[in-house]
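So this block is entry.cif, mmCIF, C-alpha atoms:
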```cif
data_work
loop_
_atom_site.label_atom_id
_atom_site.label_comp_id
_atom_site.auth_asym_id
_atom_site.auth_seq_id
_atom_site.Cartn_x
_atom_site.Cartn_y
_atom_site.Cartn_z
CA MET E 59 -23.24 22.99 11.35
CA SER E 60 -24.39 19.57 10.17
CA PHE E 61 -26.48 17.26 12.29
CA THR E 62 -24.21 14.33 13.13
CA LEU E 63 -24.51 11.23 15.27
CA GLU E 64 -21.83 12.57 17.59
CA ARG E 65 -23.82 15.75 18.24
CA LEU E 66 -26.92 13.69 18.91
CA LEU E 67 -25.17 11.42 21.42
CA ASP E 68 -23.61 14.36 23.25
CA ASN E 69 -27.06 15.74 24.08
CA PRO E 70 -29.04 12.88 25.66
CA SER E 71 -31.62 15.24 27.20
CA THR E 72 -32.86 16.62 23.87
CA PRO E 73 -36.03 15.46 22.06
CA PRO E 74 -34.05 14.20 19.03
CA PHE E 75 -32.05 11.88 21.26
CA GLN E 76 -35.23 10.55 22.87
CA GLU E 77 -36.68 9.91 19.41
CA PHE E 78 -33.51 8.14 18.33
CA SER E 79 -33.43 6.05 21.50
CA SER E 80 -37.01 4.92 20.87
CA PHE E 81 -36.10 4.09 17.29
CA VAL E 82 -33.18 1.81 18.15
CA ARG E 83 -35.28 0.03 20.74
CA SER E 84 -38.01 -0.61 18.20
CA ARG E 85 -35.42 -1.98 15.74
CA TYR E 86 -33.79 -4.22 18.38
CA CYS E 87 -30.38 -2.62 17.92
CA ALA E 88 -30.06 -0.69 21.18
CA GLU E 89 -26.96 -2.55 22.42
CA ASN E 90 -24.60 -0.23 20.53
CA LEU E 91 -26.22 2.86 22.04
CA PHE E 92 -26.23 1.40 25.56
CA PHE E 93 -22.59 0.30 25.32
CA TRP E 94 -21.41 3.62 23.95
CA HIS E 95 -23.04 5.56 26.78
CA ALA E 96 -21.86 3.07 29.41
CA VAL E 97 -18.28 3.56 28.25
CA ARG E 98 -18.64 7.34 28.19
CA GLY E 99 -19.97 7.31 31.73
CA TYR E 100 -17.16 5.03 32.85
CA GLU E 101 -14.59 7.38 31.30
CA ARG E 102 -15.98 10.28 33.32
CA ASP E 103 -15.90 8.25 36.54
CA TYR E 104 -12.35 7.10 35.84
CA ASP E 105 -11.14 10.66 35.21
CA ALA E 106 -12.80 11.85 38.41
CA ALA E 107 -11.13 9.06 40.41
CA GLN E 108 -7.76 9.96 38.91
CA GLN E 109 -8.15 13.56 40.02
CA GLN E 110 -9.00 12.41 43.54
CA CYS E 111 -5.97 10.09 43.63
CA ASP E 112 -8.36 7.18 44.21
CA LYS E 113 -7.54 5.07 41.17
CA THR E 114 -9.19 1.76 41.99
CA ALA E 115 -12.19 2.40 44.23
CA GLY E 116 -15.10 0.70 42.49
CA LEU E 117 -13.62 1.15 39.04
CA LEU E 118 -12.70 -2.47 38.47
CA ASP E 119 -16.19 -3.62 39.42
CA GLN E 120 -17.73 -1.04 37.11
CA CYS E 121 -15.39 -2.10 34.32
CA MET E 122 -16.23 -5.77 34.81
CA ALA E 123 -19.93 -4.92 34.76
CA ILE E 124 -19.53 -3.41 31.29
CA VAL E 125 -17.73 -6.53 30.10
CA ARG E 126 -20.40 -8.85 31.55
CA THR E 127 -23.23 -6.81 30.03
CA TYR E 128 -21.91 -5.99 26.56
CA VAL E 129 -18.68 -7.83 25.73
CA GLU E 130 -18.90 -11.42 26.94
CA PRO E 131 -20.34 -13.95 24.49
CA ASN E 132 -24.09 -14.37 25.04
CA SER E 133 -24.18 -11.35 27.34
CA PRO E 134 -27.55 -9.54 27.74
CA TYR E 135 -26.61 -6.78 25.25
CA GLU E 136 -23.75 -8.38 23.38
CA ILE E 137 -22.18 -6.00 20.88
CA ASN E 138 -20.98 -7.10 17.47
CA ILE E 139 -17.20 -6.74 17.50
CA PRO E 140 -14.37 -8.93 16.14
CA CYS E 141 -13.40 -11.95 18.22
CA GLU E 142 -9.83 -10.70 18.67
CA MET E 143 -11.11 -7.43 20.07
CA ARG E 144 -13.49 -9.22 22.39
CA ASP E 145 -10.77 -11.54 23.69
CA HIS E 146 -8.42 -8.61 24.22
CA ILE E 147 -10.93 -6.78 26.42
CA ILE E 148 -11.80 -9.86 28.44
CA ASP E 149 -8.13 -10.71 29.01
CA HIS E 150 -7.18 -7.19 30.10
CA VAL E 151 -10.12 -6.79 32.47
CA TYR E 152 -10.52 -10.30 33.92
CA GLN E 153 -6.95 -11.59 33.84
CA GLN E 154 -4.81 -8.47 34.18
CA HIS E 155 -7.36 -6.46 36.19
CA ASP E 156 -6.74 -3.53 33.88
CA CYS E 157 -9.57 -1.04 34.38
CA ASP E 158 -8.22 1.72 32.12
CA PRO E 159 -11.10 2.88 29.88
CA GLN E 160 -8.71 2.88 26.92
CA VAL E 161 -9.36 -0.84 26.67
CA PHE E 162 -12.86 -0.02 25.37
CA VAL E 163 -11.83 2.58 22.80
CA PRO E 164 -11.54 0.25 19.75
CA ALA E 165 -14.89 -1.37 20.54
CA SER E 166 -16.48 2.06 21.01
CA LYS E 167 -15.32 3.11 17.55
CA VAL E 168 -16.74 -0.06 16.00
CA THR E 169 -20.11 0.29 17.70
CA LEU E 170 -20.29 3.98 16.79
CA GLU E 171 -19.92 3.21 13.09
CA LEU E 172 -22.39 0.33 13.30
CA MET E 173 -24.85 2.66 14.99
CA ARG E 174 -24.30 5.28 12.29
CA VAL E 175 -25.03 2.94 9.42
CA ASN E 176 -27.66 0.65 10.93
CA ALA E 177 -29.58 3.10 13.09
CA PHE E 178 -28.75 6.79 12.75
CA LEU E 179 -29.08 7.18 8.99
CA PRO E 180 -32.30 5.10 8.74
CA TRP E 181 -33.77 7.04 11.66
CA LEU E 182 -32.76 10.38 10.17
CA ALA E 183 -34.34 9.42 6.85
CA GLU E 184 -37.67 9.00 8.67
CA TRP E 185 -37.38 11.73 11.29
CA ALA E 186 -35.84 14.56 9.23
CA PRO E 187 -34.86 13.63 5.66
CA SER E 188 -33.71 17.18 4.96
CA LEU E 189 -30.91 16.72 7.52
CA LEU E 190 -29.39 13.74 5.76
CA PRO E 191 -25.79 14.36 4.71
CA THR E 192 -25.32 15.27 1.07
CA PRO E 193 -23.88 12.33 -0.88
CA PRO E 194 -20.60 12.98 -2.67
CA LYS E 195 -20.78 13.98 -6.30
CA PRO E 196 -20.13 11.11 -8.71
CA MET E 197 -16.84 11.04 -10.53
CA PRO E 198 -17.12 12.38 -14.10
CA SER E 199 -17.30 9.70 -16.73
CA ALA E 200 -14.61 9.22 -19.32
CA SER E 201 -16.91 10.54 -22.05
CA THR E 202 -17.35 13.94 -20.39
CA SER E 203 -14.11 14.66 -18.55
CA MET E 204 -10.58 13.37 -18.28
CA VAL E 205 -7.56 14.69 -16.46
CA HIS E 206 -4.28 15.22 -18.23
CA SER E 207 -2.38 11.96 -18.39
CA VAL E 208 0.87 10.71 -19.85
CA SER E 209 -1.18 8.06 -21.65
CA SER E 210 -2.65 10.87 -23.74
CA PRO E 211 0.26 12.03 -25.93
CA GLU E 212 -1.47 15.19 -27.11
CA GLY E 213 -2.67 16.01 -23.62
CA TRP E 214 -6.25 16.32 -24.87
CA THR E 215 -9.18 15.89 -22.52
CA ALA E 216 -12.29 13.94 -23.37
CA GLU E 217 -14.25 17.21 -23.40
CA THR E 218 -12.04 18.54 -26.20
CA ALA E 219 -12.38 15.33 -28.16
CA ALA E 220 -16.16 15.37 -27.77
CA ALA E 221 -16.38 19.01 -28.81
CA ASP E 222 -14.33 18.52 -31.98
CA THR E 223 -15.34 15.21 -33.51
CA SER E 224 -14.26 16.27 -36.99
CA CYS E 225 -10.61 15.77 -36.08
CA PRO E 226 -10.29 12.70 -33.84
CA ARG E 227 -7.07 11.94 -32.09
CA ALA E 228 -4.88 9.52 -34.01
CA SER E 229 -3.70 6.46 -32.19
CA PHE E 230 -0.16 5.16 -32.23
CA SER E 231 -1.23 1.95 -33.97
CA SER E 232 -2.91 3.81 -36.84
CA PHE E 233 0.10 6.14 -37.10
CA ARG E 234 2.48 3.22 -37.40
CA SER E 235 0.31 1.45 -40.00
CA GLU E 236 -0.01 4.61 -42.10
CA ARG E 237 3.75 5.16 -42.03
CA ALA E 238 4.37 1.55 -42.98
CA ASN E 239 1.98 1.86 -45.94
CA ASP E 240 3.74 5.01 -47.05
CA VAL E 241 7.12 3.31 -46.96
CA ILE E 242 5.87 0.26 -48.86
CA SER E 243 4.11 2.33 -51.47
CA ALA E 244 7.22 4.46 -51.91
CA ARG E 245 9.28 1.42 -52.89
CA SER E 246 9.26 0.03 -56.39
CA PRO E 247 7.25 -3.19 -57.00
CA PHE E 248 9.21 -6.37 -56.40
CA SER E 249 10.07 -8.23 -59.64
CA PRO E 250 12.59 -11.09 -59.30
CA SER E 251 15.14 -11.46 -62.04
CA ALA E 252 15.29 -14.44 -64.34
CA ALA E 253 18.48 -15.68 -62.71
CA LEU E 254 16.86 -15.61 -59.26
CA MET E 255 13.78 -17.46 -60.51
CA LYS E 256 16.03 -20.13 -62.00
CA LYS E 257 17.83 -20.56 -58.67
CA ILE E 258 14.52 -20.86 -56.80
CA LYS E 259 13.24 -23.56 -59.15
CA ALA E 260 16.49 -25.51 -58.81
CA THR E 261 16.29 -25.30 -55.05
CA LEU E 262 12.68 -26.58 -54.98
CA LEU E 263 13.60 -29.52 -57.23
CA HIS E 264 16.49 -30.40 -54.94
CA VAL E 265 14.33 -30.27 -51.81
CA THR E 266 11.59 -32.47 -53.26
CA SER E 267 14.04 -35.01 -54.65
CA VAL E 268 15.95 -35.38 -51.36
CA PRO E 269 13.25 -35.07 -48.58
CA THR E 270 15.57 -35.42 -45.64
CA ARG E 271 15.98 -33.04 -42.74
CA GLN E 272 19.71 -32.66 -43.37
CA SER E 273 19.27 -31.62 -47.01
CA ALA E 274 16.48 -29.25 -46.04
CA ILE E 275 18.70 -27.62 -43.45
CA PHE E 276 21.49 -27.38 -46.00
CA VAL E 277 19.24 -25.75 -48.58
CA SER E 278 17.89 -23.28 -46.05
CA LYS E 279 21.43 -22.27 -45.18
CA LYS E 280 22.24 -21.77 -48.85
CA LEU E 281 19.18 -19.54 -49.19
#
```
Let me see the file written as structure tokens.
Amino acid sequence: MSFTLERLLDNPSTPPFQEFSSFVRSRYCAENLFFWHAVRGYERDYDAAQQQCDKTAGLLDQCMAIVRTYVEPNSPYEINIPCEMRDHIIDHVYQQHDCDPQVFVPASKVTLELMRVNAFLPWLAEWAPSLLPTPPKPMPSASTSMVHSVSSPEGWTAETAAADTSCPRASFSSFRSERANDVISARSPFSPSAALMKKIKATLLHVTSVPTRQSAIFVSKKL
């Protein structure tokens, strides 16, 4: 089983958690850890009150304390969350007196990911580098591997092309040009007849002697 941030946070009495807590304090980024645990504790208290059919005793005050400490602008341990999320929490708790812990769930997810990137991974790199998660393997480059695609008419992969360089894959453009050359070369050379050459010369003389757009249009239609 891999060593994750979630496992670490679920065991606050273990030495690794104490080491991590000291690390975030030294890096001045403890607000995410404090907020996450405050919300988890509030969730447990809320569930216990629900089971005792005492839904409001002290819960609203506890909920407001979390907002004053972590959510309000310029609060002692203000967390870094979007403004819309912050306003939503403040409105639900202060204006609607909604003390359901679900109001903190989006902010808890944001702070958890911030804590993972900004604190947990840097701490793990110092504390136990061997426990760092294995990075994903890079995607194979086009020169070494290629999946079958409709853009590849022969269905060849790049590995096949690299292995057999003596017979490269012909492109459509080269195929068309070769066919066109074959067709042209198969035809007999063009040699205008004497009558046609006479007509061309007469046409050129007529165009140069009458340089108007109407005569030019007329000649072009005749041709």
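Taking atom CA of E:Arg85 and atom CA of E:Leu170 as endpoints, the distance between them is 16.3 Å.
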Name the residues that the PyMOL selection byres ((chain E and resi 171) around 12) picks from the file above, as a PyMOL selection string, using the file's chain letters and numbers.
chain E and resi 62-64+90-91+94+138-139+164-170+172-179
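In this model, the gap between atom CA of E:Pro131 and atom CA of E:Gly116 comes to 23.8 Å.
Atom CA of E:Ser80 to atom CA of E:Gln120 spans 25.9 Å [interatomic distance, one decimal].
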Evaluating the PyMOL selection byres ((chain E and resi 97-108) around 10) on the displayed file yields which residues, as a PyMOL selection string?
chain E and resi 68+92-96+109-118+120-121+124+157-160+162-163+165-166
Residues picked by the PyMOL selection byres ((chain E and resi 135) around 9) here, as a PDB file with C-alpha atoms, in the coordinates of the input?
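Generated output (part.pdb):
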```
ATOM      1  CA  ALA E  88     -30.060  -0.690  21.180  1.00  0.00           C
ATOM      2  CA  GLU E  89     -26.960  -2.550  22.420  1.00  0.00           C
ATOM      3  CA  ASN E  90     -24.600  -0.230  20.530  1.00  0.00           C
ATOM      4  CA  PHE E  92     -26.230   1.400  25.560  1.00  0.00           C
ATOM      5  CA  PHE E  93     -22.590   0.300  25.320  1.00  0.00           C
ATOM      6  CA  THR E 127     -23.230  -6.810  30.030  1.00  0.00           C
ATOM      7  CA  TYR E 128     -21.910  -5.990  26.560  1.00  0.00           C
ATOM      8  CA  VAL E 129     -18.680  -7.830  25.730  1.00  0.00           C
ATOM      9  CA  ASN E 132     -24.090 -14.370  25.040  1.00  0.00           C
ATOM     10  CA  SER E 133     -24.180 -11.350  27.340  1.00  0.00           C
ATOM     11  CA  PRO E 134     -27.550  -9.540  27.740  1.00  0.00           C
ATOM     12  CA  GLU E 136     -23.750  -8.380  23.380  1.00  0.00           C
ATOM     13  CA  ILE E 137     -22.180  -6.000  20.880  1.00  0.00           C
TER      14      ILE E 137
END
```
